[in-house]
Amino acid sequence: MRCPHCGIGIYQNVSTHTVVKSNSGLEWQVLYQQCPECSESIIYLGRNMEGTAPVIFRAYPAGVVRPAPVEVTDPYRQDFKEAVTVLPHSPRASAALSRRCLQAILTDRAGTRSRDLDAQIEEVVASGKVPSYITDDLKRIRTAGNFTAYPAKSVSPSVIADAEPGEAEWNLDVLEALFDFYFVQPAIASRRKQDLNRKLQDAGRPAL
């Protein structure tokens, strides 16, 4: 199984506790496991009734979970996690959190200097430093969010404004692409370099 918090594959090794057992044969159980990678809790509820198939569903974390890659650091990781968590309950709040996360990445990782999100996107598009699929995705942020009708989304990205259909989900999709470009791929390249250097040193050759 994959941990719903961090996305890393782990063995399912739950502890089971019966919390309700009636004379009619109905039994409720709590199944608990702690992820050995991220130390987060995973909790299931199980319902058993004589003559029927058992039912087990995840109680925590609830809803759809889109874990950020382990290479992503805070505050981007935390903003993304919160945006995913609140999405089923408030797309407006989710979109606001994901816009704030997007602006932080464009400032810190892409090195943009503009103060509003629309201009930051233009900076990245014009820089030519990111793949075309990312620039296309970024440009669609403005369309999905209807920045023309809601300029506050650009001037103050974390403002809770009306969310267009699919806007919150699209923001999360674009963030995942940026996470891969700015965090995951550099980490993979660094590990490859370290592996190569170890092999070179073992062969008595200078490291790169």
# chains A, B, ... in the order shown; residues from 1 in each chain; ligands from 1
>>> residues_around(residues="segment 113-128 of chain A", least_positions_apart="3", cutoff="6 Å", atoms="only C-alpha atoms", output="PyMOL selection string")
chain A and resi 135+154-155
>>> write_last_selection(atoms="N, CA and C atoms", output="PDB file, in the first residue's frame")
ATOM      1  N   THR A 135       5.202  26.469 -19.087  1.00  0.00           N
ATOM      2  CA  THR A 135       4.750  27.824 -19.417  1.00  0.00           C
ATOM      3  C   THR A 135       3.310  27.794 -19.897  1.00  0.00           C
ATOM      4  N   SER A 154      -4.711  38.060  -8.712  1.00  0.00           N
ATOM      5  CA  SER A 154      -3.336  38.323  -9.136  1.00  0.00           C
ATOM      6  C   SER A 154      -2.626  39.251  -8.161  1.00  0.00           C
ATOM      7  N   VAL A 155      -3.319  40.301  -7.743  1.00  0.00           N
ATOM      8  CA  VAL A 155      -2.721  41.299  -6.855  1.00  0.00           C
ATOM      9  C   VAL A 155      -2.513  40.731  -5.456  1.00  0.00           C
TER      10      VAL A 155
END
>>> residues_around(residues="Gln34 of chain A", least_positions_apart="3", cutoff="12 Å", atoms="only C-alpha atoms", output="PyMOL selection string")
chain A and resi 3-6+10-15+31+37-44+60-61
>>> closest_atom_pairs(of="segment 99-200 of chain A", to="segment 69-77 of chain A", cutoff="6 Å", atoms="only C-alpha atoms", output="tab-separated table")
residue	atom	partner	partner_atom	distance
A:Cys101	CA	A:Tyr76	CA	5.6
A:Phe183	CA	A:Glu71	CA	5.8
A:Val184	CA	A:Glu71	CA	5.8
>>> write_last_selection(atoms="C-alpha atoms", output="short mmCIF file (atom, residue, chain, number, x, y, z; two decimals), in the first residue's frame")
data_model
loop_
_atom_site.label_atom_id
_atom_site.label_comp_id
_atom_site.auth_asym_id
_atom_site.auth_seq_id
_atom_site.Cartn_x
_atom_site.Cartn_y
_atom_site.Cartn_z
CA CYS A 101 1.95 28.43 -2.91
CA PHE A 183 12.39 19.80 -6.52
CA VAL A 184 12.14 16.23 -7.77
#
>>> closest_residue(among="A:Arg99, A:Arg205, A:Val65, A:Asp180", to="Arg142 of chain A", atoms="only C-alpha atoms")
A:Arg99
>>> residues_around(residues="Tyr182 of chain A", least_positions_apart="4", cutoff="7 Å", atoms="only C-alpha atoms", output="mmCIF file with C-alpha atoms, in the first residue's frame")
data_model
loop_
_atom_site.group_PDB
_atom_site.id
_atom_site.type_symbol
_atom_site.label_atom_id
_atom_site.label_comp_id
_atom_site.auth_asym_id
_atom_site.auth_seq_id
_atom_site.Cartn_x
_atom_site.Cartn_y
_atom_site.Cartn_z
ATOM 1 C CA ARG A 109 12.588 29.141 -7.168
ATOM 2 C CA LEU A 178 6.396 22.748 -10.705
ATOM 3 C CA PRO A 186 17.166 18.282 -9.263
#
>>> residues_around(residues="Ile56 of chain A", least_positions_apart="6", cutoff="8 Å", atoms="only C-alpha atoms", output="MDAnalysis selection string")
chainID A and resid 44:47
>>> select_by_dssp(residues="segment 152-205 of chain A", states="alpha helix (DSSP H)", output="number ranges by chain")
A: 152-155, 167-179, 185-202
>>> write_last_selection(atoms="N, CA and C atoms", output="tab-separated table (two decimals), in the first residue's frame")
chain	number	residue	atom	x	y	z
A	152	ALA	N	-8.10	40.65	-8.18
A	152	ALA	CA	-7.56	40.47	-6.83
A	152	ALA	C	-6.79	39.16	-6.71
A	153	LYS	N	-7.15	38.17	-7.53
A	153	LYS	CA	-6.44	36.89	-7.49
A	153	LYS	C	-4.98	37.05	-7.90
A	154	SER	N	-4.71	38.06	-8.71
A	154	SER	CA	-3.34	38.32	-9.14
A	154	SER	C	-2.63	39.25	-8.16
A	155	VAL	N	-3.32	40.30	-7.74
A	155	VAL	CA	-2.72	41.30	-6.85
A	155	VAL	C	-2.51	40.73	-5.46
A	167	GLU	N	-11.00	25.39	-11.29
A	167	GLU	CA	-9.84	26.24	-11.00
A	167	GLU	C	-8.95	25.64	-9.92
A	168	ALA	N	-9.55	25.25	-8.80
A	168	ALA	CA	-8.76	24.74	-7.68
A	168	ALA	C	-7.99	23.49	-8.07
A	169	GLU	N	-8.65	22.59	-8.80
A	169	GLU	CA	-8.00	21.35	-9.23
A	169	GLU	C	-6.85	21.65	-10.20
A	170	TRP	N	-7.07	22.61	-11.12
A	170	TRP	CA	-6.02	22.95	-12.08
A	170	TRP	C	-4.80	23.55	-11.38
A	171	ASN	N	-5.04	24.39	-10.39
A	171	ASN	CA	-3.92	24.97	-9.64
A	171	ASN	C	-3.05	23.87	-9.03
A	172	LEU	N	-3.70	22.85	-8.47
A	172	LEU	CA	-2.96	21.75	-7.86
A	172	LEU	C	-2.18	20.97	-8.91
A	173	ASP	N	-2.78	20.78	-10.09
A	173	ASP	CA	-2.08	20.08	-11.17
A	173	ASP	C	-0.80	20.83	-11.57
A	174	VAL	N	-0.91	22.16	-11.69
A	174	VAL	CA	0.24	22.96	-12.09
A	174	VAL	C	1.31	22.94	-10.99
A	175	LEU	N	0.88	22.99	-9.75
A	175	LEU	CA	1.85	22.92	-8.65
A	175	LEU	C	2.62	21.60	-8.69
A	176	GLU	N	1.95	20.51	-9.00
A	176	GLU	CA	2.64	19.23	-9.08
A	176	GLU	C	3.69	19.24	-10.18
A	177	ALA	N	3.38	19.89	-11.31
A	177	ALA	CA	4.37	20.00	-12.39
A	177	ALA	C	5.57	20.83	-11.94
A	178	LEU	N	5.31	21.90	-11.20
A	178	LEU	CA	6.40	22.75	-10.70
A	178	LEU	C	7.21	22.02	-9.64
A	179	PHE	N	6.55	21.25	-8.80
A	179	PHE	CA	7.28	20.45	-7.81
A	179	PHE	C	8.25	19.51	-8.50
A	185	GLN	N	13.26	16.58	-9.91
A	185	GLN	CA	14.30	16.31	-10.90
A	185	GLN	C	15.70	16.76	-10.44
A	186	PRO	N	15.84	17.94	-9.80
A	186	PRO	CA	17.17	18.28	-9.26
A	186	PRO	C	17.66	17.28	-8.22
A	187	ALA	N	16.74	16.77	-7.40
A	187	ALA	CA	17.14	15.79	-6.39
A	187	ALA	C	17.60	14.50	-7.05
A	188	ILE	N	16.90	14.09	-8.09
A	188	ILE	CA	17.30	12.88	-8.82
A	188	ILE	C	18.68	13.07	-9.44
A	189	ALA	N	18.90	14.23	-10.07
A	189	ALA	CA	20.20	14.52	-10.69
A	189	ALA	C	21.31	14.53	-9.65
A	190	SER	N	21.02	15.08	-8.47
A	190	SER	CA	22.03	15.12	-7.40
A	190	SER	C	22.38	13.72	-6.93
A	191	ARG	N	21.37	12.86	-6.80
A	191	ARG	CA	21.65	11.47	-6.38
A	191	ARG	C	22.46	10.73	-7.43
A	192	ARG	N	22.15	10.97	-8.70
A	192	ARG	CA	22.93	10.33	-9.76
A	192	ARG	C	24.39	10.77	-9.71
A	193	LYS	N	24.60	12.06	-9.48
A	193	LYS	CA	25.97	12.57	-9.40
A	193	LYS	C	26.71	11.95	-8.22
A	194	GLN	N	26.03	11.85	-7.08
A	194	GLN	CA	26.66	11.25	-5.92
A	194	GLN	C	27.03	9.79	-6.17
A	195	ASP	N	26.13	9.06	-6.83
A	195	ASP	CA	26.42	7.65	-7.15
A	195	ASP	C	27.62	7.55	-8.09
A	196	LEU	N	27.67	8.43	-9.09
A	196	LEU	CA	28.79	8.41	-10.03
A	196	LEU	C	30.11	8.74	-9.33
A	197	ASN	N	30.07	9.73	-8.45
A	197	ASN	CA	31.28	10.12	-7.72
A	197	ASN	C	31.79	8.98	-6.85
A	198	ARG	N	30.88	8.24	-6.23
A	198	ARG	CA	31.31	7.10	-5.42
A	198	ARG	C	32.02	6.05	-6.28
A	199	LYS	N	31.46	5.82	-7.47
A	199	LYS	CA	32.07	4.84	-8.37
A	199	LYS	C	33.44	5.32	-8.86
A	200	LEU	N	33.54	6.61	-9.14
A	200	LEU	CA	34.82	7.16	-9.59
A	200	LEU	C	35.87	7.07	-8.49
A	201	GLN	N	35.46	7.40	-7.27
A	201	GLN	CA	36.39	7.34	-6.15
A	201	GLN	C	36.83	5.91	-5.86
A	202	ASP	N	35.89	4.96	-6.01
A	202	ASP	CA	36.24	3.55	-5.80
A	202	ASP	C	37.25	3.09	-6.85
>>> atom_distance(atom1="atom CA of Ala93 of chain A", atom2="atom CA of Asp136 of chain A")
24.3 Å
>>> atom_distance(atom1="atom CA of Asn48 of chain A", atom2="atom CA of Thr16 of chain A")
12.8 Å
>>> select_by_dssp(residues="chain A", states="strand (DSSP E)", output="PyMOL selection string")
chain A and resi 15-21+26-34+41-49+55-60
>>> residues_around(residues="His17 of chain A", least_positions_apart="4", cutoff="9 Å", atoms="only C-alpha atoms", output="MDAnalysis selection string")
chainID A and resid 28:32
>>> write_last_selection(atoms="C-alpha atoms", output="mmCIF file, in the first residue's frame")
data_model
loop_
_atom_site.group_PDB
_atom_site.id
_atom_site.type_symbol
_atom_site.label_atom_id
_atom_site.label_comp_id
_atom_site.auth_asym_id
_atom_site.auth_seq_id
_atom_site.Cartn_x
_atom_site.Cartn_y
_atom_site.Cartn_z
ATOM 1 C CA TRP A 28 -17.207 -1.981 14.841
ATOM 2 C CA GLN A 29 -13.438 -1.955 14.781
ATOM 3 C CA VAL A 30 -10.731 0.687 14.608
ATOM 4 C CA LEU A 31 -7.702 -0.240 12.536
ATOM 5 C CA TYR A 32 -4.612 1.896 13.125
#
>>> decode(residues="segment 27-125 of chain A", atoms="C-alpha atoms", output="CSV table (one decimal), in the first residue's frame")
chain,number,residue,atom,x,y,z
A,27,GLU,CA,-19.1,-5.2,15.5
A,28,TRP,CA,-17.2,-2.0,14.8
A,29,GLN,CA,-13.4,-2.0,14.8
A,30,VAL,CA,-10.7,0.7,14.6
A,31,LEU,CA,-7.7,-0.2,12.5
A,32,TYR,CA,-4.6,1.9,13.1
A,33,GLN,CA,-1.2,2.2,11.5
A,34,GLN,CA,1.6,4.7,11.7
A,35,CYS,CA,3.6,5.3,8.5
A,36,PRO,CA,7.3,4.4,9.2
A,37,GLU,CA,8.4,7.0,6.6
A,38,CYS,CA,6.5,10.2,7.6
A,39,SER,CA,5.2,9.1,11.1
A,40,GLU,CA,1.6,10.2,10.2
A,41,SER,CA,-1.4,8.1,11.4
A,42,ILE,CA,-3.6,6.1,9.1
A,43,ILE,CA,-7.0,5.1,10.7
A,44,TYR,CA,-9.7,2.9,9.3
A,45,LEU,CA,-13.1,2.0,10.5
A,46,GLY,CA,-14.4,-1.6,10.0
A,47,ARG,CA,-18.0,-2.8,10.2
A,48,ASN,CA,-18.7,-6.5,10.6
A,49,MET,CA,-22.2,-8.0,10.7
A,50,GLU,CA,-23.0,-11.6,10.7
A,51,GLY,CA,-24.3,-12.7,7.3
A,52,THR,CA,-22.9,-9.7,5.4
A,53,ALA,CA,-19.5,-8.8,3.9
A,54,PRO,CA,-17.2,-6.7,6.1
A,55,VAL,CA,-16.9,-3.0,5.2
A,56,ILE,CA,-13.7,-1.1,5.8
A,57,PHE,CA,-13.2,2.6,5.0
A,58,ARG,CA,-10.5,5.1,5.7
A,59,ALA,CA,-11.4,7.6,8.4
A,60,TYR,CA,-8.1,9.5,8.5
A,61,PRO,CA,-6.9,11.1,6.4
A,62,ALA,CA,-10.4,11.6,4.9
A,63,GLY,CA,-11.2,12.6,1.3
A,64,VAL,CA,-8.9,12.6,-1.7
A,65,VAL,CA,-5.2,12.8,-0.8
A,66,ARG,CA,-2.6,14.1,-3.2
A,67,PRO,CA,0.7,13.9,-1.3
A,68,ALA,CA,3.5,16.2,-2.3
A,69,PRO,CA,6.7,14.5,-3.3
A,70,VAL,CA,9.1,13.9,-0.4
A,71,GLU,CA,11.6,16.2,-2.0
A,72,VAL,CA,9.3,19.2,-1.6
A,73,THR,CA,10.0,21.3,1.5
A,74,ASP,CA,8.0,23.7,3.6
A,75,PRO,CA,6.2,26.1,3.3
A,76,TYR,CA,5.3,24.8,-0.2
A,77,ARG,CA,4.5,21.3,1.1
A,78,GLN,CA,2.3,22.6,3.9
A,79,ASP,CA,0.3,25.0,1.6
A,80,PHE,CA,-0.2,22.2,-0.9
A,81,LYS,CA,-1.3,19.8,1.7
A,82,GLU,CA,-3.8,22.3,3.1
A,83,ALA,CA,-5.1,23.1,-0.4
A,84,VAL,CA,-5.8,19.4,-1.0
A,85,THR,CA,-7.4,18.9,2.4
A,86,VAL,CA,-9.9,21.7,2.1
A,87,LEU,CA,-10.7,21.2,-1.6
A,88,PRO,CA,-13.8,19.0,-1.0
A,89,HIS,CA,-15.2,21.5,1.5
A,90,SER,CA,-14.2,24.8,0.0
A,91,PRO,CA,-12.8,25.1,-3.6
A,92,ARG,CA,-12.4,28.9,-2.9
A,93,ALA,CA,-10.1,28.4,0.1
A,94,SER,CA,-8.2,25.6,-1.8
A,95,ALA,CA,-7.6,27.9,-4.8
A,96,ALA,CA,-6.4,30.7,-2.5
A,97,LEU,CA,-3.9,28.4,-0.8
A,98,SER,CA,-2.6,27.0,-4.1
A,99,ARG,CA,-2.2,30.5,-5.6
A,100,ARG,CA,-0.2,31.5,-2.5
A,101,CYS,CA,1.9,28.4,-2.9
A,102,LEU,CA,2.4,29.2,-6.6
A,103,GLN,CA,3.5,32.7,-6.0
A,104,ALA,CA,6.0,31.5,-3.3
A,105,ILE,CA,7.5,29.1,-5.8
A,106,LEU,CA,7.7,31.6,-8.6
A,107,THR,CA,9.4,34.1,-6.2
A,108,ASP,CA,11.8,31.7,-4.5
A,109,ARG,CA,12.6,29.1,-7.2
A,110,ALA,CA,12.0,31.0,-10.4
A,111,GLY,CA,13.5,34.2,-9.1
A,112,THR,CA,10.7,36.5,-10.3
A,113,ARG,CA,10.7,40.1,-9.0
A,114,SER,CA,7.2,41.2,-9.8
A,115,ARG,CA,4.7,41.6,-7.0
A,116,ASP,CA,1.5,40.3,-8.6
A,117,LEU,CA,1.0,36.8,-9.8
A,118,ASP,CA,0.0,37.7,-13.4
A,119,ALA,CA,3.3,39.6,-13.9
A,120,GLN,CA,5.2,36.8,-12.3
A,121,ILE,CA,3.8,34.3,-14.7
A,122,GLU,CA,4.8,36.6,-17.6
A,123,GLU,CA,8.3,36.7,-16.2
A,124,VAL,CA,8.6,33.0,-16.1
A,125,VAL,CA,7.1,32.6,-19.6
